[in-house]
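Containing compact mmCIF, C-alpha atoms and all ligand atoms: data.txt.
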```txt
# COMPACT_ATOMS: atom_id res chain seq x y z
CA MET A 244 0.00 0.00 0.00
CA ARG A 245 1.21 3.52 -0.83
CA VAL A 246 0.30 5.91 1.96
CA LEU A 247 0.32 9.67 2.52
CA LEU A 248 0.34 10.80 6.17
CA LEU A 249 -0.56 14.41 6.97
CA GLY A 250 0.82 16.15 10.05
CA SER A 251 4.04 16.94 11.86
CA GLY A 252 3.64 16.09 15.55
CA GLY A 253 4.52 13.29 17.93
CA ARG A 254 1.18 11.69 17.08
CA GLU A 255 2.16 11.51 13.41
CA HIS A 256 5.63 10.16 14.19
CA ALA A 257 4.02 7.37 16.22
CA LEU A 258 1.58 6.61 13.37
CA ALA A 259 4.42 6.66 10.81
CA TRP A 260 6.59 4.39 12.99
CA LYS A 261 3.78 1.89 13.38
CA MET A 262 2.77 1.95 9.70
CA ALA A 263 6.42 1.59 8.66
CA ALA A 264 6.45 -1.77 10.47
CA SER A 265 3.56 -3.06 8.36
CA PRO A 266 4.33 -5.75 5.77
CA GLU A 267 1.56 -4.15 3.67
CA LEU A 268 3.36 -0.81 3.34
CA THR A 269 5.26 -0.25 0.11
CA LYS A 270 5.78 3.54 0.32
CA LEU A 271 5.12 6.16 2.99
CA PHE A 272 5.05 9.89 2.32
CA ALA A 273 4.53 12.46 5.06
CA ALA A 274 3.58 16.12 4.69
CA PRO A 275 5.18 18.05 6.20
CA GLY A 276 6.58 15.55 8.74
CA ASN A 277 9.51 16.28 11.06
CA ALA A 278 13.08 15.08 11.61
CA GLY A 279 11.91 11.85 13.26
CA ILE A 280 9.26 11.07 10.65
CA ALA A 281 11.98 11.54 8.01
CA GLY A 282 13.55 8.36 9.41
CA CYS A 283 10.59 6.23 8.29
CA ALA A 284 8.90 8.26 5.52
CA THR A 285 9.68 10.52 2.59
CA CYS A 286 8.80 14.01 3.83
CA ILE A 287 7.31 16.32 1.24
CA ASP A 288 6.17 19.89 1.05
CA LEU A 289 2.41 19.75 0.58
CA ASP A 290 -0.11 22.04 2.25
CA ALA A 291 -3.13 20.14 3.65
CA LYS A 292 -5.21 23.31 3.13
CA GLU A 293 -4.70 23.01 -0.64
CA HIS A 294 -7.17 20.22 -1.32
CA GLU A 295 -6.59 20.19 -5.07
CA ALA A 296 -2.85 19.91 -4.62
CA VAL A 297 -3.28 16.99 -2.19
CA VAL A 298 -5.60 15.22 -4.65
CA ALA A 299 -3.16 15.83 -7.52
CA PHE A 300 -0.26 14.45 -5.47
CA CYS A 301 -2.26 11.34 -4.56
CA ARG A 302 -3.12 10.75 -8.19
CA SER A 303 0.42 11.18 -9.49
CA GLU A 304 1.89 8.99 -6.71
CA HIS A 305 -0.88 6.36 -6.84
CA ILE A 306 -1.67 6.79 -3.15
CA ASP A 307 -3.91 4.03 -1.77
CA LEU A 308 -4.64 5.66 1.59
CA VAL A 309 -4.35 9.14 3.08
CA VAL A 310 -4.09 9.25 6.89
CA VAL A 311 -4.99 12.64 8.36
CA GLY A 312 -3.39 13.28 11.77
CA PRO A 313 -4.69 16.64 13.05
CA GLU A 314 -8.23 18.02 13.27
CA ALA A 315 -7.99 21.19 11.19
CA PRO A 316 -7.85 19.49 7.75
CA LEU A 317 -10.73 17.21 8.81
CA VAL A 318 -12.94 20.11 9.87
CA ALA A 319 -11.98 21.86 6.60
CA GLY A 320 -13.26 18.92 4.52
CA LEU A 321 -10.06 17.39 3.16
CA VAL A 322 -11.47 13.87 3.47
CA ASP A 323 -14.56 14.92 1.49
CA ALA A 324 -12.33 16.23 -1.31
CA LEU A 325 -10.31 13.00 -1.35
CA HIS A 326 -13.40 10.79 -1.37
CA ALA A 327 -14.91 12.85 -4.18
CA ALA A 328 -11.74 12.08 -6.14
CA GLY A 329 -12.02 8.36 -5.36
CA ILE A 330 -9.08 8.32 -2.93
CA ALA A 331 -9.42 6.40 0.34
CA ALA A 332 -8.78 8.60 3.37
CA PHE A 333 -8.75 7.82 7.08
CA GLY A 334 -10.71 10.41 9.04
CA PRO A 335 -14.23 11.86 9.19
CA SER A 336 -15.99 14.08 6.65
CA ALA A 337 -16.38 17.77 7.47
CA ALA A 338 -19.98 17.13 8.53
CA ALA A 339 -18.88 14.39 10.95
CA ALA A 340 -15.86 16.40 12.15
CA ARG A 341 -18.32 18.90 13.67
CA LEU A 342 -18.17 16.59 16.70
CA GLU A 343 -14.91 18.40 17.45
CA GLY A 344 -15.33 21.54 15.38
CA SER A 345 -18.54 22.72 17.04
CA LYS A 346 -19.22 22.31 20.74
CA THR A 347 -22.82 23.43 20.22
CA PHE A 348 -23.36 20.73 17.57
CA THR A 349 -22.07 18.05 19.94
CA LYS A 350 -24.00 19.33 22.94
CA GLU A 351 -27.25 19.38 20.98
CA LEU A 352 -26.60 15.86 19.69
CA CYS A 353 -26.00 14.68 23.28
CA GLN A 354 -29.21 16.28 24.40
CA ARG A 355 -31.26 14.65 21.63
CA ALA A 356 -29.67 11.22 22.11
CA GLY A 357 -29.73 11.30 25.93
CA ILE A 358 -25.92 11.05 26.20
CA PRO A 359 -24.57 11.89 29.67
CA THR A 360 -22.67 15.18 29.57
CA ALA A 361 -22.48 18.44 31.52
CA ALA A 362 -25.61 20.62 31.49
CA PHE A 363 -25.05 23.52 29.10
CA ALA A 364 -26.39 26.50 27.26
CA SER A 365 -24.99 28.19 24.14
CA PHE A 366 -24.97 31.89 23.32
CA ASP A 367 -24.12 34.14 20.42
CA ALA A 368 -24.32 37.39 22.38
CA LEU A 369 -22.77 38.59 25.64
CA GLN A 370 -25.82 39.93 27.50
CA PRO A 371 -27.91 36.72 27.55
CA ALA A 372 -24.75 34.76 28.42
CA LEU A 373 -24.11 37.01 31.43
CA ALA A 374 -27.73 36.74 32.55
CA TYR A 375 -27.57 32.92 32.39
CA LEU A 376 -24.22 32.87 34.16
CA ALA A 377 -25.56 34.88 37.10
CA ALA A 378 -27.91 32.01 37.97
CA GLN A 379 -25.20 29.29 37.79
CA PRO A 380 -23.21 27.96 40.74
CA VAL A 381 -19.39 28.11 40.62
CA PRO A 382 -17.12 26.54 39.57
CA VAL A 383 -18.56 26.89 36.09
CA VAL A 384 -17.00 26.20 32.70
CA VAL A 385 -16.92 28.74 29.85
CA LYS A 386 -15.88 27.63 26.37
CA ALA A 387 -15.41 29.37 23.07
CA ASP A 388 -17.15 27.50 20.27
CA GLY A 389 -15.01 26.29 17.36
CA LEU A 390 -11.48 24.87 17.28
CA ALA A 391 -9.27 26.51 19.88
CA ALA A 392 -6.36 24.04 20.25
CA GLY A 393 -7.24 23.44 23.90
CA LYS A 394 -7.06 27.13 24.72
CA GLY A 395 -10.75 27.94 24.51
CA VAL A 396 -11.79 26.61 27.93
CA THR A 397 -11.96 28.40 31.29
CA VAL A 398 -12.87 26.46 34.42
CA ALA A 399 -13.89 29.54 36.44
CA THR A 400 -13.96 29.43 40.22
CA THR A 401 -15.66 32.83 40.51
CA HIS A 402 -18.38 34.61 38.55
CA ALA A 403 -15.94 37.44 37.83
CA GLU A 404 -13.53 35.01 36.15
CA ALA A 405 -16.36 33.53 34.07
CA GLN A 406 -17.56 37.02 33.08
CA ALA A 407 -14.04 37.93 31.94
CA ALA A 408 -13.86 34.75 29.85
CA LEU A 409 -17.21 35.54 28.22
CA SER A 410 -16.16 39.14 27.49
CA ALA A 411 -13.00 37.85 25.80
CA ILE A 412 -14.99 35.40 23.64
CA PHE A 413 -17.50 38.04 22.52
CA ALA A 414 -14.74 40.58 21.86
CA GLU A 415 -13.93 38.43 18.80
CA PRO A 416 -16.14 38.99 15.75
CA GLY A 417 -18.66 36.14 15.45
CA GLY A 418 -17.80 34.88 18.93
CA LYS A 419 -19.95 32.05 20.33
CA ALA A 420 -19.83 30.66 23.83
CA VAL A 421 -20.98 27.60 25.71
CA ILE A 422 -21.54 27.75 29.49
CA GLU A 423 -21.33 24.36 31.18
CA GLU A 424 -21.83 22.71 34.50
CA CYS A 425 -18.44 21.80 36.00
CA LEU A 426 -18.04 18.01 36.17
CA VAL A 427 -16.14 16.54 39.09
CA GLY A 428 -14.06 13.39 38.85
CA GLU A 429 -11.01 11.96 37.11
CA GLU A 430 -10.55 12.46 33.38
CA ALA A 431 -9.64 9.73 30.92
CA SER A 432 -9.50 9.35 27.17
CA PHE A 433 -11.29 6.56 25.34
CA PHE A 434 -10.62 5.84 21.66
CA VAL A 435 -12.82 4.01 19.19
CA LEU A 436 -12.00 3.03 15.61
CA THR A 437 -15.03 3.05 13.30
CA ASP A 438 -15.97 2.74 9.65
CA GLY A 439 -19.39 4.29 10.28
CA LYS A 440 -21.08 0.96 11.08
CA THR A 441 -18.66 -1.20 13.07
CA ALA A 442 -17.00 0.42 16.09
CA LEU A 443 -14.03 -1.20 17.83
CA PRO A 444 -12.84 0.17 21.15
CA LEU A 445 -9.09 0.91 21.26
CA ALA A 446 -7.12 1.13 24.47
CA THR A 447 -7.62 3.78 27.15
CA ALA A 448 -5.17 6.53 28.11
CA GLN A 449 -4.77 9.53 30.35
CA ASP A 450 -2.86 12.66 29.55
CA HIS A 451 -1.52 15.57 31.57
CA LYS A 452 -2.78 18.82 30.13
CA ARG A 453 -1.19 21.38 32.47
CA ALA A 454 2.36 22.56 31.82
CA TYR A 455 3.86 21.99 35.27
CA ASP A 456 4.09 19.36 38.00
CA GLY A 457 1.06 18.86 40.20
CA ASP A 458 -1.27 19.96 37.38
CA GLU A 459 -0.21 23.57 37.81
CA GLY A 460 0.26 26.19 35.13
CA PRO A 461 -1.40 26.83 31.80
CA ASN A 462 -3.18 24.22 29.67
CA THR A 463 -1.08 22.69 26.89
CA GLY A 464 -1.68 20.17 24.13
CA GLY A 465 -0.49 17.53 26.61
CA MET A 466 2.76 17.03 28.55
CA GLY A 467 2.67 13.25 28.88
CA ALA A 468 0.37 10.25 28.80
CA TYR A 469 0.06 6.66 29.80
CA SER A 470 -1.99 3.64 28.81
CA PRO A 471 -3.97 1.83 30.08
CA ALA A 472 -5.88 4.30 32.29
CA PRO A 473 -6.63 2.41 35.50
CA VAL A 474 -9.65 4.64 36.22
CA LEU A 475 -11.42 3.32 33.10
CA SER A 476 -12.13 -0.24 34.22
CA PRO A 477 -13.47 -2.72 31.67
CA ALA A 478 -16.96 -2.21 33.15
CA LEU A 479 -16.71 1.59 32.75
CA GLN A 480 -15.40 1.13 29.19
CA ARG A 481 -18.50 -0.91 28.38
CA ARG A 482 -20.66 1.85 29.83
CA ALA A 483 -18.78 4.49 27.85
CA MET A 484 -19.39 2.47 24.70
CA GLU A 485 -23.09 1.80 25.43
CA GLU A 486 -24.11 5.13 26.91
CA ILE A 487 -21.89 7.55 24.97
CA VAL A 488 -20.10 6.32 21.84
CA THR A 489 -22.67 3.93 20.33
CA PRO A 490 -25.60 6.40 20.56
CA THR A 491 -23.36 9.12 19.08
CA LEU A 492 -22.42 6.98 16.09
CA ALA A 493 -26.07 5.94 15.62
CA ALA A 494 -27.16 9.60 15.66
CA MET A 495 -24.48 10.54 13.12
CA GLU A 496 -25.52 7.72 10.82
CA ALA A 497 -29.24 8.55 11.19
CA ALA A 498 -28.46 12.16 10.23
CA GLY A 499 -26.84 10.97 6.99
CA THR A 500 -23.36 11.98 8.19
CA PRO A 501 -21.81 8.69 9.36
CA TYR A 502 -18.63 9.07 11.38
CA ARG A 503 -15.52 7.28 10.08
CA GLY A 504 -12.08 7.35 11.59
CA VAL A 505 -10.97 7.44 15.19
CA LEU A 506 -13.31 9.01 17.71
CA TYR A 507 -11.63 10.25 20.87
CA ALA A 508 -14.01 10.68 23.79
CA GLY A 509 -12.72 12.87 26.62
CA LEU A 510 -14.56 11.47 29.63
CA MET A 511 -15.05 12.51 33.24
CA MET A 512 -15.54 9.61 35.66
CA THR A 513 -18.20 11.14 37.88
CA GLN A 514 -20.07 9.59 40.78
CA ASP A 515 -22.89 8.89 38.33
CA GLY A 516 -20.62 7.12 35.84
CA PRO A 517 -18.75 8.32 32.74
CA LYS A 518 -19.85 11.63 31.24
CA LEU A 519 -18.69 13.14 27.99
CA ILE A 520 -16.51 16.26 28.29
CA GLU A 521 -15.79 16.56 24.59
CA TYR A 522 -15.12 14.66 21.40
CA ASN A 523 -12.05 14.92 19.25
CA VAL A 524 -12.12 13.56 15.73
CA ARG A 525 -8.53 12.27 15.62
CA PHE A 526 -6.00 10.52 17.83
CA GLY A 527 -4.87 12.38 20.92
CA ASP A 528 -1.36 13.77 21.05
CA PRO A 529 0.48 12.44 23.14
CA GLU A 530 -2.07 9.65 23.79
CA CYS A 531 -1.44 8.23 20.31
CA GLN A 532 2.22 7.65 21.21
CA VAL A 533 1.33 5.29 24.08
CA LEU A 534 -1.41 3.58 22.07
CA MET A 535 0.96 2.87 19.17
CA ALA A 536 3.61 1.56 21.56
CA ARG A 537 1.06 -0.92 22.95
CA LEU A 538 -0.64 -1.89 19.69
CA GLU A 539 0.28 -5.42 18.71
CA SER A 540 -1.87 -5.61 15.55
CA ASP A 541 -0.84 -4.19 12.20
CA LEU A 542 -2.18 -0.60 12.14
CA LEU A 543 -2.22 -0.06 8.40
CA PRO A 544 -4.93 -2.58 7.39
CA LEU A 545 -7.06 -1.37 10.31
CA LEU A 546 -6.88 2.24 9.10
CA HIS A 547 -7.58 1.16 5.53
CA ARG A 548 -10.56 -0.97 6.56
CA ALA A 549 -11.96 1.90 8.65
CA ALA A 550 -11.55 4.28 5.71
CA THR A 551 -13.29 1.94 3.28
CA GLY A 552 -16.19 0.61 5.37
CA ARG A 553 -14.72 -2.87 5.92
CA LEU A 554 -14.02 -2.97 9.63
CA ALA A 555 -16.55 -5.75 10.41
CA GLY A 556 -14.76 -8.83 11.73
CA ALA A 557 -11.49 -7.02 12.48
CA ALA A 558 -9.72 -7.80 15.75
CA ILE A 559 -7.29 -5.52 17.55
CA ASP A 560 -4.61 -6.98 19.81
CA TRP A 561 -2.71 -5.06 22.47
CA ARG A 562 0.45 -5.87 24.34
CA ALA A 563 -0.17 -6.69 27.97
CA GLN A 564 2.50 -4.12 28.82
CA ALA A 565 1.80 -0.54 29.90
CA ALA A 566 3.24 2.47 28.07
CA LEU A 567 4.11 5.95 29.26
CA THR A 568 5.36 8.99 27.39
CA VAL A 569 7.10 12.07 28.75
CA VAL A 570 6.96 15.17 26.56
CA LEU A 571 10.06 17.36 26.35
CA ALA A 572 8.98 20.89 25.45
CA SER A 573 10.81 24.13 24.73
CA LYS A 574 11.19 26.33 27.83
CA GLY A 575 8.40 28.92 27.65
CA TYR A 576 5.84 26.57 26.02
CA PRO A 577 2.82 26.98 25.80
CA GLY A 578 3.82 30.66 25.63
CA ALA A 579 6.68 32.07 23.55
CA TYR A 580 9.85 30.01 23.15
CA ASP A 581 13.08 30.03 21.13
CA LYS A 582 13.75 27.71 18.23
CA GLY A 583 17.00 26.34 16.87
CA SER A 584 18.71 24.93 19.99
CA GLU A 585 20.62 21.68 19.45
CA ILE A 586 19.38 18.39 20.91
CA LYS A 587 21.80 15.51 21.61
CA GLY A 588 21.69 12.11 23.24
CA LEU A 589 18.76 10.49 21.44
CA GLU A 590 20.69 7.31 20.71
CA ALA A 591 21.60 6.93 24.36
CA ALA A 592 17.97 7.51 25.30
CA GLU A 593 16.73 4.86 22.88
CA ALA A 594 19.28 2.39 24.27
CA VAL A 595 17.14 2.14 27.42
CA GLU A 596 15.07 -1.04 27.21
CA GLY A 597 11.57 -0.57 25.78
CA VAL A 598 12.14 3.09 24.79
CA THR A 599 11.27 4.86 21.53
CA VAL A 600 11.63 8.62 21.13
CA PHE A 601 8.94 10.14 18.93
CA HIS A 602 9.71 13.56 17.50
CA ALA A 603 7.31 16.50 17.42
CA GLY A 604 8.83 19.94 16.71
CA THR A 605 12.27 18.93 15.42
CA ARG A 606 14.25 19.53 12.26
CA ARG A 607 17.73 18.87 10.89
CA GLU A 608 20.06 21.79 10.34
CA ASP A 609 23.46 20.95 8.83
CA GLY A 610 23.15 17.43 10.18
CA ARG A 611 22.33 18.63 13.72
CA LEU A 612 18.99 17.91 15.35
CA VAL A 613 17.40 21.17 16.52
CA ALA A 614 14.21 22.20 18.29
CA ALA A 615 11.59 23.69 15.99
CA GLY A 616 8.40 23.83 18.04
CA GLY A 617 6.72 23.95 21.45
CA ARG A 618 6.44 20.26 22.11
CA VAL A 619 9.64 18.73 20.77
CA LEU A 620 10.16 15.09 21.84
CA ASN A 621 8.03 12.29 23.30
CA VAL A 622 10.12 9.81 25.27
CA THR A 623 7.94 6.70 25.21
CA ALA A 624 8.56 3.49 27.13
CA LEU A 625 6.91 0.11 27.50
CA GLY A 626 7.12 -1.72 30.80
CA ARG A 627 5.50 -4.51 32.79
CA ASP A 628 3.33 -1.89 34.44
CA ILE A 629 3.07 1.88 34.55
CA ALA A 630 5.72 2.10 37.26
CA GLU A 631 8.30 0.31 35.11
CA ALA A 632 7.34 2.21 31.94
CA ARG A 633 7.68 5.44 33.89
CA ALA A 634 11.09 4.56 35.33
CA ARG A 635 12.36 3.69 31.84
CA ALA A 636 10.93 6.82 30.22
CA TYR A 637 12.51 9.10 32.83
CA GLU A 638 15.84 7.25 32.66
CA ALA A 639 15.84 7.79 28.89
CA ALA A 640 14.71 11.43 29.17
CA ALA A 641 17.63 12.10 31.54
CA ARG A 642 20.03 10.95 28.81
CA ILE A 643 18.80 13.62 26.40
CA ASP A 644 21.10 16.60 26.33
CA TRP A 645 18.91 19.62 25.65
CA PRO A 646 19.28 22.41 28.23
CA GLN A 647 16.61 24.55 26.52
CA GLY A 648 13.92 21.93 27.16
CA PHE A 649 11.75 21.02 30.13
CA SER A 650 9.40 18.22 31.10
CA ARG A 651 7.06 17.39 33.93
CA SER A 652 8.53 15.05 36.52
CA ASP A 653 5.21 13.54 37.61
CA ILE A 654 3.79 11.87 34.49
CA GLY A 655 1.88 8.78 35.62
CA ALA A 656 1.71 9.83 39.28
CA ARG A 657 -2.08 9.75 39.21
CA ALA A 658 -2.09 6.14 38.02
CA LEU A 659 0.38 5.08 40.70
CA ALA A 660 -1.42 6.80 43.59
CA PRO A 661 -5.02 7.25 42.47
CA ALA A 662 -6.35 7.74 45.98
CA ALA A 663 -3.99 10.63 46.67
CA SER A 664 -5.03 12.74 43.69
CA ALA A 665 -8.61 11.67 42.95
P1 LIG B 1 -11.83 20.76 26.17
O1 LIG B 1 -11.12 21.76 25.31
O2 LIG B 1 -13.31 20.74 26.01
O3 LIG B 1 -11.13 19.43 26.11
O4 LIG B 1 -11.56 21.16 27.66
C1 LIG B 1 -10.25 21.24 28.16
C2 LIG B 1 -10.23 20.77 29.57
O5 LIG B 1 -11.11 21.58 30.36
C3 LIG B 1 -10.75 19.37 29.78
O6 LIG B 1 -9.77 18.42 29.52
C4 LIG B 1 -11.18 19.41 31.22
O7 LIG B 1 -10.06 19.29 32.07
C5 LIG B 1 -11.72 20.80 31.37
N1 LIG B 1 -13.17 20.80 31.20
C6 LIG B 1 -13.85 21.01 30.06
N2 LIG B 1 -15.18 20.93 30.26
C7 LIG B 1 -15.36 20.65 31.57
C8 LIG B 1 -16.52 20.44 32.41
N3 LIG B 1 -17.76 20.55 31.94
N4 LIG B 1 -16.29 20.18 33.72
C9 LIG B 1 -15.04 20.11 34.21
N5 LIG B 1 -13.92 20.30 33.48
C10 LIG B 1 -14.07 20.56 32.17
N1 LIG B 2 -3.82 15.40 24.36
C1 LIG B 2 -5.03 16.05 24.11
C2 LIG B 2 -5.42 16.15 22.70
O1 LIG B 2 -4.82 15.57 21.82
O2 LIG B 2 -6.41 16.82 22.43
```

Turn the structure described in the file into structure tokens.
Ligand code: AMP
Ligand code: GLY
Amino acid sequence: MRVLLLGSGGREHALAWKMAASPELTKLFAAPGNAGIAGCATCIDLDAKEHEAVVAFCRSEHIDLVVVGPEAPLVAGLVDALHAAGIAAFGPSAAAARLEGSKTFTKELCQRAGIPTAAFASFDALQPALAYLAAQPVPVVVKADGLAAGKGVTVATTHAEAQAALSAIFAEPGGKAVIEECLVGEEASFFVLTDGKTALPLATAQDHKRAYDGDEGPNTGGMGAYSPAPVLSPALQRRAMEEIVTPTLAAMEAAGTPYRGVLYAGLMMTQDGPKLIEYNVRFGDPECQVLMARLESDLLPLLHRAATGRLAGAAIDWRAQAALTVVLASKGYPGAYDKGSEIKGLEAAEAVEGVTVFHAGTRREDGRLVAAGGRVLNVTALGRDIAEARARAYEAAARIDWPQGFSRSDIGARALAPAASA
């Protein structure tokens, strides 16, 4: 199979690494890729926003499958353009990608289908939003509608903080806001692979969204992850499937917009059971890194079957081992940071048993590996359990020589001492 992978993060390096191990792969292109992806794919300059150029490339290179990593091209309808051209693509249509692209769309779907989620109201003007807010208890959650790369959410502990968040949202032209009940519990991510009809649960994972130890500091794309997530027991996974994911997929199909691809449910384990916080229409980053480390089955035929409606009868096998990834980010991330500093010691890091280093924002400059983004490396380890995976990942991370980087030192702590941080 000849494959084109779109994206440039740690998620895409993990997908490229796993697809490169497939006996069915004959050629892998990545656009734009990064210095790590360049080790297992031919990186090319192709803008995912230019749908016609992507289609033309796929035709001239006889691409059998396009795998779309991030959400923006999905929401923008790249998969629709590829399908219209007869090219198989892994990921949802624009209509189905509204599950991530529009919080109001998802909330209304949940309401209609009786899916457990936080109580909510949506607004397209400030005054009614403020009036509604005044009657809500705190903490309360204020979200900007639309894609915001994790930055559109304020969990406000006072009404003043919530008012400020609403004012900021409506200061933007066309601003829309959702006000939500604040759910209490532990968060976990649940992934499902689907072709629109058959849905297969993948493994569970938890990530660490805040920048600093102890879940302090600003929200980021994710500073580390581990799989499995002990909080999502097999019984709770069944409930998440029955009460949340299956009715969502049924509603999407009934509306004539079947969902294909990977559906990532961000869940809160509340006292009343799992509730949906949000959907994402792609793999999580860095959750994908730990899922790929644990995936025993060949990824490529699974993605192809999901993209072409042939997932029925597929089985997915996982290693019994746990996986954990520690993100190394540029100092200053998620705010401003410098680029271009040299990174050394990757070989020594990968010499630690069970360790693979997935690249995110890296590039080669005159043969040197340099930092080129906020999140830069994902040091990923397998182990007998989370404790061993964690020890290996941190041993490997300590071998990386990059003074301009930082990482959290407590990835996985929640899984090792759930009672202490629940
Ligand atoms: P989102 O962008 O919707 O993933 O939200 C980012 C983060 O905000 C989530 O991972 C949660 O930690 C938090 N969050 C979002 N919605 C709620 C909610 N209704 N209750 C509690 N926390 C929430
Ligand atoms: N790690 C969170 C996300 O990918 O959205």

>> List the spatial neighbours of stretch 270-285 of chain A as JSON, numbers by chain - criterion: any atom at most 9 Å away, all atoms listed in the file, same-chain residues fewer than 4 positions off excluded.
In response: {"A": [244, 245, 246, 247, 248, 249, 250, 251, 252, 253, 255, 256, 257, 259, 260, 262, 263, 289, 290, 291, 306, 600, 601, 602, 603, 604, 605, 606, 607, 612, 613]}

Counting all atoms listed in the file, what are the residues of chain A within 6 Å of ligand LIG 2 (chain B), and for each of them which pair of atoms is the nearest and at what distance in Å, to one decimal? Sort the table by chain and rising number, as JSON lines.
```
{"residue": "A:Asp450", "atom": "CA", "partner": "B:LIG2", "partner_atom": "N1", "distance": 5.9}
{"residue": "A:Gly464", "atom": "CA", "partner": "B:LIG2", "partner_atom": "N1", "distance": 5.2}
{"residue": "A:Gly465", "atom": "CA", "partner": "B:LIG2", "partner_atom": "N1", "distance": 4.5}
{"residue": "A:Gly527", "atom": "CA", "partner": "B:LIG2", "partner_atom": "O1", "distance": 3.3}
{"residue": "A:Asp528", "atom": "CA", "partner": "B:LIG2", "partner_atom": "O1", "distance": 4.0}
{"residue": "A:Pro529", "atom": "CA", "partner": "B:LIG2", "partner_atom": "N1", "distance": 5.4}
```

>> Restricting the calculation to only C-alpha atoms: of A:Glu293, A:Glu590, A:Glu430, A:Glu351, which residue gets closest to A:Leu475?
In response: A:Glu430

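In this model, the gap between atom CA of A:Val488 and atom CA of A:Leu506 comes to 8.4 Å.
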
> From the set A:Phe333, A:Ala420, A:Arg355, A:Thr347, which residue has the shortest atom-to-atom contact distance to A:Leu376, counting all atoms listed in the file?
Replying inline: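 Ranked by minimum distance to A:Leu376, first place goes to A:Ala420.
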
> What is the distance between atom CA of A:Leu534 and atom CA of A:Ala636, in Å to one decimal?
Replying inline: 15.1 Å

>> Measuring between only C-alpha atoms, which one of A:Gly457, A:Gly648, A:Gly597, A:Gly334 shows the shortest distance to A:Leu567?
In response: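 The closest residue to A:Leu567 is A:Gly597.
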
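Counting all atoms listed in the file and comparing A:Ser584, A:Thr437, A:Thr349, A:Gln406, the residue that lies closest to A:Trp645 is A:Ser584.
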
> Which of these, A:Ala315, A:Ala640, A:Ala630, A:Ile586, has the shortest distance to A:Lys292 once you count only C-alpha atoms?
Replying inline: A:Ala315

> Can you tell me how far atom CA of A:Ala550 sits from atom CA of A:Thr599, in Å to one decimal?
Replying inline: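 Going from atom CA of A:Ala550 over to atom CA of A:Thr599, I get 27.8 Å.
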
>> When you look at A:Pro517 with a cut-off of 8 Å (counting only C-alpha atoms), what residues show up, excluding the ones that are within fewer than 2 positions of it in the same chain? I need them as a PyMOL selection string.
In response: chain A and resi 359+479+482-483+510-513+515+519

>> Measuring between all atoms listed in the file, which one of A:His305, A:His294, A:Lys350, A:Arg618 shows the shortest distance to A:Ala579?
In response: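 Going through A:His305, A:His294, A:Lys350, A:Arg618 one by one, the smallest distance to A:Ala579 is for A:Arg618.
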